[in-house]
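These notes concern the structure reproduced below.
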Amino acid sequence: MINGKKAFTLLELMVVVAVVALLAALGSVAVHSAMDRASSAAEVSAGRSLVAALQSAAADNGGRFPLAFDPAAQDVMDPQGKKIRMKQIRERYPFRLAPYFGYDIDGTLLVGKNKGQIMKAMNLPKPEGTMYYYGVSAFPSLGINRHFVGGASANSTEAVKTVAQGDHSIIAFASAGTTEVEGYEYVRAPGAPGGAWGSGKWTEKSDPGNYGYVHPRHDGKAVVAFLDGSVKKMSLEELRDMRLWSRNAAINDDPNYAASE
């Protein structure tokens, strides 16, 4: 008793502290869940925009999809309408597709955490300039299916190269990442040349490079955008099916298909 009033016992205080801690933990989980839903929804929207841009680029190119990686790319512009001089930026897909989504870099190429991660990794004070565009080109949130859409080179025979070949819709873009940035320029299918995926179960500490740079950051699933414009969230186990990645694998109904080039 304190001044005639009953004080809390030690046990009661411990119970109060435990309840407060539990409520804080539940609140943290709810906030994290809400943030993840917002991030995955933003990537779904970005996936649709990128596929639409890819289709528009093909329409402007005689029905041929642009190469996923084009060493001969010229006259690629930055958001200010200036020619990009750095070859490494021109070669990658982001700024070659950018005119077809109105250079809406924030929300199409940069979604969620990767903008801040790019700036931190490259020690950039402002989101502008050549090195910033280099980072954007190298680490977009969604990586392109490099070997099987457009092709990794002009000589690729495996790739879906024209709109007319899109009768078997395959993955065009997927959530990508590295150990430092939630984004990468391409994703590599498990049956692509050099694309063998690790057999271990994915954890937050796993290197996305062991899974073709596919990054299942949305509760163990990646956002996946298909050539027909559909967008889904899929697990790595689901994405081991090569029929999702390769037109030839789909035609031959071969989930374990391996490309020879």
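Labels for the structure tokens follow display order: chains A, B, ..., residues from 1 in each chain, ligands from 1.
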Each residue of stretch 170-203 of chain A with at least one atom at most 12 Å from stretch 38-43 of chain A should appear once, together with its nearest atom pair and the corresponding distance in Å (one decimal); atoms considered: only C-alpha atoms; ordering: chain, then increasing residue number; output as a Markdown table.
| residue | atom | partner | partner_atom | distance |
| --- | --- | --- | --- | --- |
| A:Phe173 | CA | A:Glu43 | CA | 10.4 |
| A:Ala174 | CA | A:Glu43 | CA | 9.2 |
| A:Ser175 | CA | A:Glu43 | CA | 7.8 |
| A:Ala176 | CA | A:Glu43 | CA | 10.8 |
| A:Glu182 | CA | A:Ser39 | CA | 11.4 |
| A:Gly183 | CA | A:Glu43 | CA | 11.2 |
Those selected residues, please, written with C-alpha atoms and delivered as a PDB file, in the first residue's frame.
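Okay, selection_14.pdb is ready:
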ATOM      1  CA  PHE A 173      10.257  -9.844 -66.455  1.00  0.00           C
ATOM      2  CA  ALA A 174      10.611 -10.979 -62.846  1.00  0.00           C
ATOM      3  CA  SER A 175      11.586  -9.546 -59.466  1.00  0.00           C
ATOM      4  CA  ALA A 176      15.367  -9.445 -59.514  1.00  0.00           C
ATOM      5  CA  GLU A 182      16.633  -5.389 -54.728  1.00  0.00           C
ATOM      6  CA  GLY A 183      17.035  -5.151 -58.474  1.00  0.00           C
TER       7      GLY A 183
END
Compile the contact shell of stretch 138-155 of chain A as a VMD selection string: residues with an atom at most 8 Å away, counting only C-alpha atoms, same-chain residues fewer than 3 positions apart removed. chain A and resid 43 47 64 to 70 89 92 to 94 109 to 111 114 118 134 to 135 158 to 162 171 to 177 181 to 189 192 214 245 to 247
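Considering the residues A:Ser156, A:Ser169, A:Thr179, A:Asn210 and counting only C-alpha atoms, A:Asp228 has its shortest atom-to-atom contact with A:Ser169.
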Using only C-alpha atoms: which of A:Gly194, A:Gly116, A:Gly107, A:Gly129 has the shortest distance to A:Pro79: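 Of all the options, A:Gly129 lies closest to A:Pro79.
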Nearest-residue call for A:Ala98, choices A:Ala72, A:Ala196, A:Ala53, A:Leu124, using only C-alpha atoms: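 Smallest distance to A:Ala98 is found for A:Ala53.
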Spatial neighbours of A:Gly63, 8 Å, only C-alpha atoms, chain gap at least 3 places, as a list in words: Ala58, Ala59, Asp60, Thr162, Val163 and Ala164 of chain A
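Minimum distance to A:Val231 across A:Leu50, A:Val44, A:Gly191, A:Leu22 (counting only C-alpha atoms) occurs at A:Val44.
Of the residues under consideration (A:Lys126, A:Lys82, A:His168, A:Lys120), A:His168 shows the shortest atom-to-atom contact distance to A:Asn252 when counting only C-alpha atoms.
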Please, which residues of stretch 20-218 of chain A, numbered as in this document, come out strand (DSSP E) from DSSP, as JSON, numbers by chain? {"A": [142, 143, 144, 145, 171, 172, 173, 174, 175, 186, 187]}
Using DSSP assignments from the backbone, pull out every residue in stretch 86-115 of chain A that falls under helix (DSSP H, G or I) and give it to me as a list of chain:residue names. A:Lys87, A:Gln88, A:Ile89, A:Arg90, A:Glu91, A:Tyr93, A:Pro94, A:Phe95, A:Arg96, A:Leu97, A:Ala98, A:Pro99, A:Tyr100, A:Phe101, A:Ile105, A:Asp106, A:Gly107, A:Thr108, A:Asn114, A:Lys115
